[in-house]
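For reference, model.cif (mmCIF, C-alpha atoms):
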```cif
data_upload
#
loop_
_atom_site.label_atom_id
_atom_site.label_comp_id
_atom_site.auth_asym_id
_atom_site.auth_seq_id
_atom_site.Cartn_x
_atom_site.Cartn_y
_atom_site.Cartn_z
CA MET A 27 20.85 7.81 13.58
CA ASN A 28 20.18 4.12 12.86
CA ILE A 29 19.39 2.41 9.60
CA GLY A 30 18.31 -1.25 9.04
CA PRO A 31 18.81 -4.23 8.27
CA GLY A 32 17.03 -4.96 11.49
CA ILE A 33 20.04 -5.22 13.77
CA PHE A 34 18.76 -2.06 15.44
CA ARG A 35 15.50 -1.43 17.26
CA THR A 36 14.35 1.85 15.76
CA LYS A 37 12.09 3.65 18.20
CA LEU A 38 9.02 5.48 16.98
CA PRO A 39 8.19 9.04 18.11
CA ILE A 40 6.02 9.54 21.17
CA GLY A 41 2.47 8.32 20.63
CA PHE A 42 3.14 6.17 17.57
CA LYS A 43 2.95 2.39 17.43
CA ALA A 44 3.45 0.03 14.52
CA GLY A 45 3.38 -3.64 13.68
CA GLY A 46 3.41 -6.25 10.96
CA ILE A 47 1.97 -9.75 10.58
CA ASN A 48 1.53 -12.40 7.93
CA CYS A 49 -2.04 -12.55 6.61
CA GLY A 50 -1.35 -15.33 4.12
CA VAL A 51 -0.56 -13.43 0.91
CA ARG A 52 3.21 -13.92 1.22
CA LYS A 53 4.52 -17.35 2.19
CA TYR A 54 7.41 -16.66 4.50
CA ARG A 55 7.29 -13.18 6.02
CA PRO A 56 4.93 -10.42 7.20
CA ASP A 57 2.75 -8.92 4.47
CA LEU A 58 0.40 -6.60 6.33
CA GLY A 59 1.59 -3.61 8.36
CA VAL A 60 0.08 -0.75 10.30
CA ILE A 61 1.13 2.55 11.86
CA VAL A 62 -1.17 3.97 14.54
CA SER A 63 -1.07 7.24 16.47
CA GLU A 64 -2.68 7.72 19.88
CA VAL A 65 -4.04 11.08 18.74
CA PRO A 66 -5.02 12.43 15.31
CA CYS A 67 -2.13 13.57 13.13
CA THR A 68 -1.55 16.40 10.74
CA THR A 69 -0.75 14.43 7.59
CA THR A 70 0.40 15.36 4.11
CA ALA A 71 1.76 13.31 1.23
CA VAL A 72 3.38 13.37 -2.17
CA TYR A 73 2.52 10.84 -4.86
CA THR A 74 3.81 9.26 -8.04
CA GLN A 75 3.32 11.27 -11.22
CA ASN A 76 2.41 8.09 -13.10
CA VAL A 77 -1.16 8.66 -14.34
CA MET A 78 -1.97 4.98 -13.72
CA LYS A 79 -2.33 5.46 -9.98
CA GLY A 80 -3.24 2.55 -7.73
CA ALA A 81 -6.50 2.53 -5.77
CA PRO A 82 -4.82 3.47 -2.45
CA LEU A 83 -3.35 6.65 -3.92
CA LYS A 84 -6.67 7.78 -5.36
CA TYR A 85 -8.20 7.18 -1.93
CA CYS A 86 -5.49 9.07 -0.02
CA GLU A 87 -5.55 12.01 -2.43
CA LYS A 88 -9.21 12.56 -1.49
CA LEU A 89 -8.42 12.61 2.25
CA LEU A 90 -5.20 14.62 2.40
CA PRO A 91 -4.07 17.04 3.63
CA SER A 92 -5.76 16.47 6.97
CA THR A 93 -5.38 17.16 10.69
CA ASN A 94 -7.39 14.07 11.63
CA ILE A 95 -5.48 10.95 10.53
CA LYS A 96 -5.05 8.11 13.03
CA ALA A 97 -3.47 5.27 11.05
CA ILE A 98 -1.97 3.97 7.83
CA ILE A 99 -2.41 0.33 6.78
CA THR A 100 -0.14 -1.16 4.13
CA ASN A 101 -0.22 -4.53 2.40
CA SER A 102 2.58 -6.06 0.34
CA GLY A 103 2.39 -8.63 -2.44
CA GLN A 104 -0.50 -7.00 -4.33
CA ALA A 105 -0.30 -3.41 -5.59
CA ASN A 106 -4.05 -2.97 -6.11
CA ALA A 107 -3.29 -0.98 -9.26
CA ALA A 108 -5.03 -1.48 -12.62
CA THR A 109 -7.78 -3.29 -10.69
CA GLY A 110 -10.78 -1.15 -11.68
CA GLU A 111 -13.81 -0.49 -9.53
CA GLN A 112 -13.34 -3.69 -7.54
CA GLY A 113 -9.88 -2.51 -6.52
CA GLU A 114 -11.36 0.69 -5.06
CA ILE A 115 -14.04 -1.31 -3.24
CA ASN A 116 -11.40 -3.61 -1.75
CA ASN A 117 -9.25 -0.65 -0.72
CA GLN A 118 -12.20 0.92 1.09
CA SER A 119 -12.95 -2.40 2.78
CA MET A 120 -9.36 -2.55 4.06
CA ALA A 121 -9.68 0.95 5.54
CA ASP A 122 -13.12 0.19 7.02
CA SER A 123 -11.87 -3.00 8.64
CA LEU A 124 -8.99 -1.27 10.40
CA ALA A 125 -11.21 1.64 11.45
CA ASN A 126 -13.54 -0.85 13.13
CA GLN A 127 -10.64 -2.31 15.10
CA LEU A 128 -9.37 1.11 16.15
CA ASP A 129 -12.87 2.47 16.88
CA CYS A 130 -12.36 5.45 14.61
CA HIS A 131 -13.86 6.69 11.35
CA SER A 132 -12.69 5.29 8.02
CA HIS A 133 -11.63 8.74 6.84
CA GLN A 134 -9.02 8.68 9.63
CA VAL A 135 -7.34 5.65 8.04
CA LEU A 136 -4.98 5.91 5.07
CA THR A 137 -4.00 2.98 2.84
CA ALA A 138 -0.99 1.96 0.78
CA SER A 139 -0.24 -1.15 -1.25
CA THR A 140 2.80 -2.59 -2.98
CA GLY A 141 3.43 -5.67 -5.08
CA VAL A 142 2.23 -7.13 -8.36
CA ILE A 143 0.19 -4.79 -10.57
CA GLY A 144 -3.19 -6.06 -11.76
CA GLU A 145 -3.95 -8.49 -8.94
CA GLN A 146 -6.99 -7.89 -6.75
CA LEU A 147 -6.35 -7.67 -3.02
CA ALA A 148 -6.83 -10.88 -1.06
CA ILE A 149 -9.33 -8.86 0.94
CA ASP A 150 -10.77 -11.82 2.86
CA LYS A 151 -7.30 -12.71 4.21
CA ILE A 152 -6.62 -9.07 5.06
CA GLN A 153 -9.92 -8.58 6.88
CA SER A 154 -9.65 -11.82 8.84
CA SER A 155 -6.19 -10.77 10.08
CA MET A 156 -7.12 -7.24 11.12
CA ALA A 157 -7.72 -7.96 14.80
CA GLU A 158 -4.34 -9.69 15.09
CA LEU A 159 -2.66 -6.78 13.34
CA ALA A 160 -4.28 -4.11 15.52
CA ASN A 161 -3.41 -6.00 18.72
CA ASN A 162 0.25 -6.57 17.88
CA VAL A 163 1.74 -3.09 17.71
CA THR A 164 4.77 -1.74 19.58
CA ASP A 165 6.89 1.40 19.67
CA ILE A 166 9.51 -0.25 17.41
CA ALA A 167 9.54 0.25 13.62
CA GLU A 168 11.14 -2.95 12.29
CA LYS A 169 8.11 -5.28 12.07
CA PHE A 170 6.23 -2.72 10.03
CA ALA A 171 9.31 -2.09 7.87
CA THR A 172 9.56 -5.82 7.16
CA ALA A 173 5.85 -6.18 6.37
CA ILE A 174 5.99 -3.61 3.55
CA MET A 175 8.98 -5.15 1.73
CA THR A 176 8.70 -6.69 -1.74
CA THR A 177 12.01 -7.47 -3.46
CA ASP A 178 13.87 -5.47 -0.81
CA LEU A 179 16.68 -7.39 0.87
CA VAL A 180 16.53 -5.44 4.13
CA PRO A 181 14.01 -3.35 6.10
CA LYS A 182 14.80 0.37 6.00
CA THR A 183 14.41 2.54 9.10
CA VAL A 184 16.04 5.75 10.35
CA GLN A 185 15.60 7.83 13.49
CA GLU A 186 16.89 11.26 14.48
CA GLN A 187 16.25 13.50 17.46
CA VAL A 188 16.63 17.28 17.30
CA THR A 189 16.31 20.03 19.87
CA LEU A 190 13.97 22.93 19.14
CA SER A 191 13.19 26.01 21.21
CA GLN A 192 10.50 24.14 23.19
CA GLY A 193 12.36 20.86 23.63
CA THR A 194 13.42 17.67 21.83
CA VAL A 195 11.44 16.03 19.04
CA THR A 196 11.89 12.70 17.30
CA ILE A 197 11.68 11.92 13.59
CA THR A 198 11.46 8.30 12.48
CA GLY A 199 11.48 7.30 8.84
CA VAL A 200 10.52 3.97 7.30
CA CYS A 201 10.49 3.07 3.62
CA LYS A 202 10.51 0.23 1.13
CA GLY A 203 11.89 0.18 -2.36
CA SER A 204 14.21 -1.87 -4.53
CA GLY A 205 13.07 -2.01 -8.15
CA MET A 206 11.00 0.10 -10.58
CA ILE A 207 12.69 3.12 -9.02
CA HIS A 208 12.75 6.46 -10.83
CA PRO A 209 12.17 10.07 -9.77
CA ASN A 210 8.65 11.43 -9.40
CA MET A 211 8.60 9.10 -7.48
CA ALA A 212 10.20 5.67 -7.15
CA THR A 213 8.62 2.14 -6.55
CA MET A 214 8.65 3.02 -2.99
CA LEU A 215 6.53 3.76 0.01
CA GLY A 216 7.83 6.22 2.59
CA TYR A 217 6.61 7.11 6.06
CA LEU A 218 8.03 10.09 7.96
CA LEU A 219 6.70 10.23 11.52
CA THR A 220 7.28 12.91 14.15
CA ASP A 221 5.97 13.93 17.56
CA ALA A 222 6.55 17.60 16.71
CA THR A 223 3.58 19.88 16.13
CA LEU A 224 3.30 20.91 12.48
CA THR A 225 0.68 22.98 10.74
CA ILE A 226 -0.68 21.71 7.43
CA ASP A 227 1.16 24.53 5.66
CA GLN A 228 4.47 23.62 7.32
CA SER A 229 3.95 19.93 6.59
CA GLN A 230 3.07 20.46 2.93
CA LYS A 231 6.04 22.73 2.24
CA MET A 232 8.49 20.47 4.02
CA ILE A 233 7.48 17.16 2.51
CA LYS A 234 7.69 18.56 -1.01
CA LYS A 235 11.10 20.14 -0.45
CA VAL A 236 12.46 17.06 1.31
CA CYS A 237 11.24 14.65 -1.36
CA ASP A 238 12.61 16.83 -4.16
CA ASN A 239 16.11 16.47 -2.67
CA SER A 240 15.91 12.82 -1.62
CA PHE A 241 13.38 10.33 -3.00
CA ASN A 242 13.07 12.24 -6.27
CA MET A 243 16.83 12.10 -6.76
CA ILE A 244 17.20 8.30 -6.86
CA SER A 245 16.88 5.86 -9.72
CA VAL A 246 17.40 2.13 -10.11
CA ASP A 247 15.97 1.31 -13.52
CA GLY A 248 14.13 4.33 -14.94
CA ASP A 249 10.60 2.99 -14.46
CA THR A 250 8.11 5.10 -12.49
CA SER A 251 5.62 2.98 -10.59
CA THR A 252 1.89 3.21 -9.92
CA ASN A 253 1.81 3.19 -6.11
CA ASP A 254 4.60 5.46 -4.95
CA CYS A 255 3.88 7.81 -2.08
CA VAL A 256 5.51 9.40 0.95
CA PHE A 257 3.54 10.42 4.02
CA LEU A 258 4.49 12.94 6.71
CA MET A 259 2.57 12.41 9.96
CA SER A 260 2.94 14.71 12.98
CA ASN A 261 0.96 14.07 16.16
CA GLY A 262 2.29 16.92 18.36
CA MET A 263 2.72 14.69 21.40
CA SER A 264 6.12 16.16 22.26
CA GLU A 265 4.26 19.48 22.71
CA CYS A 266 7.00 21.15 20.67
CA ALA A 267 5.95 23.38 17.80
CA LEU A 268 8.10 25.14 15.21
CA LEU A 269 7.83 28.64 16.63
CA SER A 270 10.59 30.40 14.72
CA GLU A 271 12.46 30.36 11.44
CA GLU A 272 15.36 28.74 13.32
CA ASP A 273 13.08 25.95 14.56
CA GLU A 274 11.81 25.39 11.03
CA ALA A 275 15.33 25.30 9.60
CA ILE A 276 16.58 22.84 12.22
CA PHE A 277 13.59 20.54 11.81
CA LEU A 278 13.68 20.70 8.00
CA GLN A 279 17.38 19.78 7.94
CA ALA A 280 16.78 16.80 10.23
CA LEU A 281 13.80 15.67 8.17
CA GLN A 282 15.88 15.94 5.00
CA ASP A 283 18.76 14.01 6.58
CA VAL A 284 16.36 11.16 7.43
CA ALA A 285 14.84 11.17 3.94
CA ILE A 286 18.24 11.19 2.20
CA LEU A 287 19.45 8.24 4.25
CA LEU A 288 16.29 6.34 3.35
CA ALA A 289 16.61 7.30 -0.32
CA LYS A 290 20.23 6.12 -0.41
CA SER A 291 19.22 2.86 1.27
CA ILE A 292 16.70 2.27 -1.54
CA ALA A 293 19.29 2.93 -4.23
CA SER A 294 21.90 0.70 -2.57
CA ASP A 295 19.28 -2.05 -2.17
CA GLY A 296 18.31 -1.83 -5.86
CA GLU A 297 17.40 -5.18 -7.38
CA GLY A 298 20.59 -7.09 -8.08
CA ALA A 299 22.73 -4.12 -7.06
CA SER A 300 26.23 -4.46 -5.66
CA LYS A 301 27.22 -0.78 -5.64
CA LEU A 302 25.66 2.56 -4.74
CA ILE A 303 26.35 5.31 -7.29
CA GLU A 304 26.50 8.90 -6.04
CA VAL A 305 26.64 11.67 -8.63
CA ASN A 306 27.45 15.24 -7.57
CA VAL A 307 27.01 17.97 -10.18
CA LYS A 308 28.19 21.55 -9.64
CA GLY A 309 27.56 24.47 -11.94
CA ALA A 310 25.90 27.80 -12.58
CA LEU A 311 22.97 26.27 -14.46
CA GLU A 312 19.49 26.24 -12.98
CA GLU A 313 18.97 23.56 -10.36
CA SER A 314 16.56 21.69 -12.63
CA SER A 315 19.24 21.45 -15.34
CA LEU A 316 21.87 20.24 -12.87
CA LYS A 317 19.44 17.65 -11.53
CA LYS A 318 18.77 16.40 -15.06
CA ILE A 319 22.48 15.85 -15.67
CA ALA A 320 22.90 14.00 -12.37
CA ARG A 321 19.84 11.83 -12.93
CA ASP A 322 20.79 11.05 -16.52
CA ILE A 323 24.15 9.69 -15.36
CA THR A 324 22.54 7.44 -12.74
CA LEU A 325 20.14 6.16 -15.42
CA SER A 326 22.65 5.31 -18.12
CA PRO A 327 22.85 1.52 -18.66
CA LEU A 328 26.37 2.00 -20.05
CA VAL A 329 27.52 3.85 -16.94
CA LYS A 330 25.71 1.42 -14.62
CA THR A 331 27.22 -1.67 -16.25
CA ALA A 332 30.70 -0.12 -16.30
CA ILE A 333 30.46 0.47 -12.56
CA ASN A 334 29.19 -3.06 -12.03
CA GLY A 335 32.27 -4.34 -13.84
CA GLU A 336 34.55 -1.83 -12.05
CA SER A 337 35.57 -0.54 -15.47
CA PRO A 338 37.13 2.98 -15.49
CA ASN A 339 35.29 3.89 -18.70
CA TRP A 340 34.89 7.62 -18.02
CA GLY A 341 34.02 8.25 -21.68
CA ARG A 342 30.52 6.92 -21.04
CA ILE A 343 29.98 9.59 -18.39
CA VAL A 344 31.25 12.38 -20.63
CA ALA A 345 29.01 11.16 -23.45
CA LYS A 346 25.99 11.17 -21.14
CA ILE A 347 26.76 14.70 -19.98
CA GLY A 348 27.04 15.80 -23.61
CA GLY A 349 23.58 14.42 -24.26
CA SER A 350 22.13 16.23 -21.22
CA ILE A 351 23.31 19.79 -21.85
CA VAL A 352 22.88 21.98 -24.92
CA ASP A 353 25.78 24.39 -24.43
CA CYS A 354 29.02 23.05 -25.91
CA ASP A 355 31.04 25.54 -23.86
CA GLU A 356 29.71 23.96 -20.67
CA LEU A 357 31.04 20.57 -21.76
CA LEU A 358 34.41 21.98 -22.81
CA GLN A 359 34.80 23.58 -19.36
CA CYS A 360 33.65 20.44 -17.57
CA ASP A 361 35.73 18.41 -15.11
CA VAL A 362 34.81 14.78 -14.40
CA SER A 363 36.18 12.77 -11.50
CA ILE A 364 35.51 9.22 -10.30
CA GLN A 365 36.39 8.28 -6.70
CA GLY A 366 38.15 11.62 -6.35
CA MET A 367 40.42 11.06 -9.37
CA LYS A 368 40.09 13.74 -12.05
CA LEU A 369 39.92 12.06 -15.46
CA PHE A 370 38.51 14.62 -17.89
CA SER A 371 39.14 18.37 -17.92
CA GLN A 372 38.88 21.18 -20.45
CA GLY A 373 37.74 18.86 -23.21
CA GLU A 374 40.30 16.05 -22.90
CA LEU A 375 41.81 13.27 -20.82
CA VAL A 376 43.82 14.42 -17.81
CA ILE A 377 47.45 13.48 -18.41
CA GLY A 378 48.69 10.98 -15.86
CA ALA A 379 45.27 9.63 -14.84
CA SER A 380 45.79 5.93 -14.16
CA SER A 381 43.10 3.50 -15.26
CA GLU A 382 44.56 0.72 -13.13
CA CYS A 383 44.56 2.88 -10.02
CA LEU A 384 40.97 3.92 -10.67
CA LYS A 385 39.87 0.33 -11.21
CA GLU A 386 41.11 -0.50 -7.72
CA LYS A 387 39.21 2.46 -6.25
CA MET A 388 36.02 1.31 -8.04
CA ALA A 389 36.03 -1.94 -6.05
CA SER A 390 34.35 0.04 -3.26
CA ASP A 391 30.68 -0.49 -2.36
CA THR A 392 30.04 3.17 -3.21
CA VAL A 393 31.27 4.83 -6.40
CA VAL A 394 31.24 8.64 -6.41
CA ILE A 395 31.15 10.62 -9.65
CA ASP A 396 31.82 14.36 -9.50
CA VAL A 397 30.95 16.67 -12.39
CA GLU A 398 32.01 20.31 -12.21
CA LEU A 399 30.79 22.71 -14.88
CA ALA A 400 31.82 26.33 -15.32
CA ASP A 401 31.21 28.59 -12.30
CA PRO A 402 30.21 25.89 -9.76
CA LEU A 403 27.72 27.98 -7.78
CA ASN A 404 25.13 25.29 -7.11
CA THR A 405 25.41 21.60 -6.21
CA VAL A 406 22.94 18.74 -6.60
CA THR A 407 23.28 15.07 -5.77
CA ALA A 408 21.57 12.02 -7.26
CA TRP A 409 21.87 8.38 -6.30
CA GLY A 410 21.53 5.15 -8.26
CA CYS A 411 23.01 1.67 -8.41
CA ASP A 412 24.91 -0.54 -10.79
CA LEU A 413 23.17 -2.82 -13.28
CA SER A 414 23.88 -6.52 -12.94
CA GLN A 415 22.83 -9.83 -14.46
CA LYS A 416 20.95 -10.50 -11.23
CA TYR A 417 18.62 -7.55 -11.93
CA VAL A 418 17.55 -9.24 -15.16
CA GLN A 419 17.00 -12.55 -13.38
CA ILE A 420 14.93 -11.00 -10.59
CA ASN A 421 12.59 -9.18 -12.95
CA ALA A 422 12.37 -11.99 -15.51
CA ASP A 423 11.10 -14.28 -12.73
CA TYR A 424 8.99 -11.73 -10.79
CA LEU A 425 5.61 -13.39 -11.42
CA SER A 426 6.83 -16.99 -11.25
#
```
Kindly return the structure encoded in the file as structure tokens.
Amino acid sequence: MNIGPGIFRTKLPIGFKAGGINCGVRKYRPDLGVIVSEVPCTTTAVYTQNVMKGAPLKYCEKLLPSTNIKAIITNSGQANAATGEQGEINNQSMADSLANQLDCHSHQVLTASTGVIGEQLAIDKIQSSMAELANNVTDIAEKFATAIMTTDLVPKTVQEQVTLSQGTVTITGVCKGSGMIHPNMATMLGYLLTDATLTIDQSQKMIKKVCDNSFNMISVDGDTSTNDCVFLMSNGMSECALLSEEDEAIFLQALQDVAILLAKSIASDGEGASKLIEVNVKGALEESSLKKIARDITLSPLVKTAINGESPNWGRIVAKIGGSIVDCDELLQCDVSIQGMKLFSQGELVIGASSECLKEKMASDTVVIDVELADPLNTVTAWGCDLSQKYVQINADYLS
């Protein structure tokens, strides 16, 4: 399993090709990317729950789910959100232009956009570059992964192969995301590609479950964006279907592994971030309640800044937990550990816990927080990043 920053050559599944070029919107790197399948794909998606959806999402929602998708085109630099009727016209023009190059119907082309909200697409630049884009595709993911980046520092790609009852299938994941990241979904675009044969029902169930445990469990800054979406495309060119419950379980686990690695790469590449935060919460509460506790900890500015400063201020974590649960007994029976060191248990500081020792452990690139409530029957995990002065600088200057 490989993950960027581009030192690997991440192969796409059989029958998929992808590419990225500069069409003139961004100054120094590719800003227009495409994924193309040799044959139509079964395709499903999940979308942001922000009601201010960008034009590409409104367009894709009308087309999906489908068994007849050939390509996805993505531009970076302009989100095409809050752009009114003209934004929808430009989005359709982008899909039409690629369809003409691929000699397919426009309803076989999906669209996605990322960048500044409120700016109209530079549609003339996009259309004039379409032939170059369509003619410069390969079976490697990195050029596409680079073309969809905004404030990301690295392209994000993952590949895994798994053996099913009929043979071996490949899953390749690509995503972008760095800021305005918050569950349901994040400022992110995700593409999960496979040469396995999936039915629409299998695809819909899997993408929802996978996203609930990966992309919807990350947060950078608590802001939900307008353009977030994750696509699952399966073209069946491996001629391997999911024929049994065992096949489905094996494939689902591999798909989730890919999505979690991508989600963690987004959190660790958060704007201005220097540390990945992983929060594991165990307890007998409903999964939704455990997820809320985990997410709330990753969102806390006080926790995030303490981790940035490598400060062993566990009281901020306990305070956040207390604000996330309503049962006082749960808090009094709660254990809290950072980097494997138990600091809080049964309502008070653990005697002998060394702040200096913990501070040294917090110098790591990843800081793990474990919360164990009474009767730890279930476990959830959320990911976030620290909050730095650089985050403020990046977002204060975003339009300049």
Checklist entry - Counting only C-alpha atoms, which of A:Asp295, A:Lys182, A:Val195, A:Ile319 gets nearest to Gly349 in chain A? => result A:Ile319
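Our summary of the geometry notes that CA of Ser139 in chain A is positioned 14.6 Å from CA of Lys151 in chain A.
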Grab all the atoms of range 102-116 of chain A that the file lists, wrap them in a box along x, y and z, add 5 Å per side, and give me centre plus edge lengths in Å (one decimal) as lines of an AutoDock Vina configuration file.
```
center_x = -5.7
center_y = -4.0
center_z = -6.1
size_x = 26.6
size_y = 19.3
size_z = 23.0
```
Item to check | Residue contacts of Gln365 in chain A (10 Å, only C-alpha atoms) excluding same-chain residues fewer than 2 positions away, as a ChimeraX atom specification | outcome: /A:304,363,367-368,384-385,387-388,390,392-396
Checklist entry - Taking only C-alpha atoms into account, which of A:Ile143, A:Ala285, A:Met263, A:Val236 comes nearest Ser251 in chain A? => result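 The shortest atom-to-atom distance to Ser251 in chain A comes from A:Ile143.
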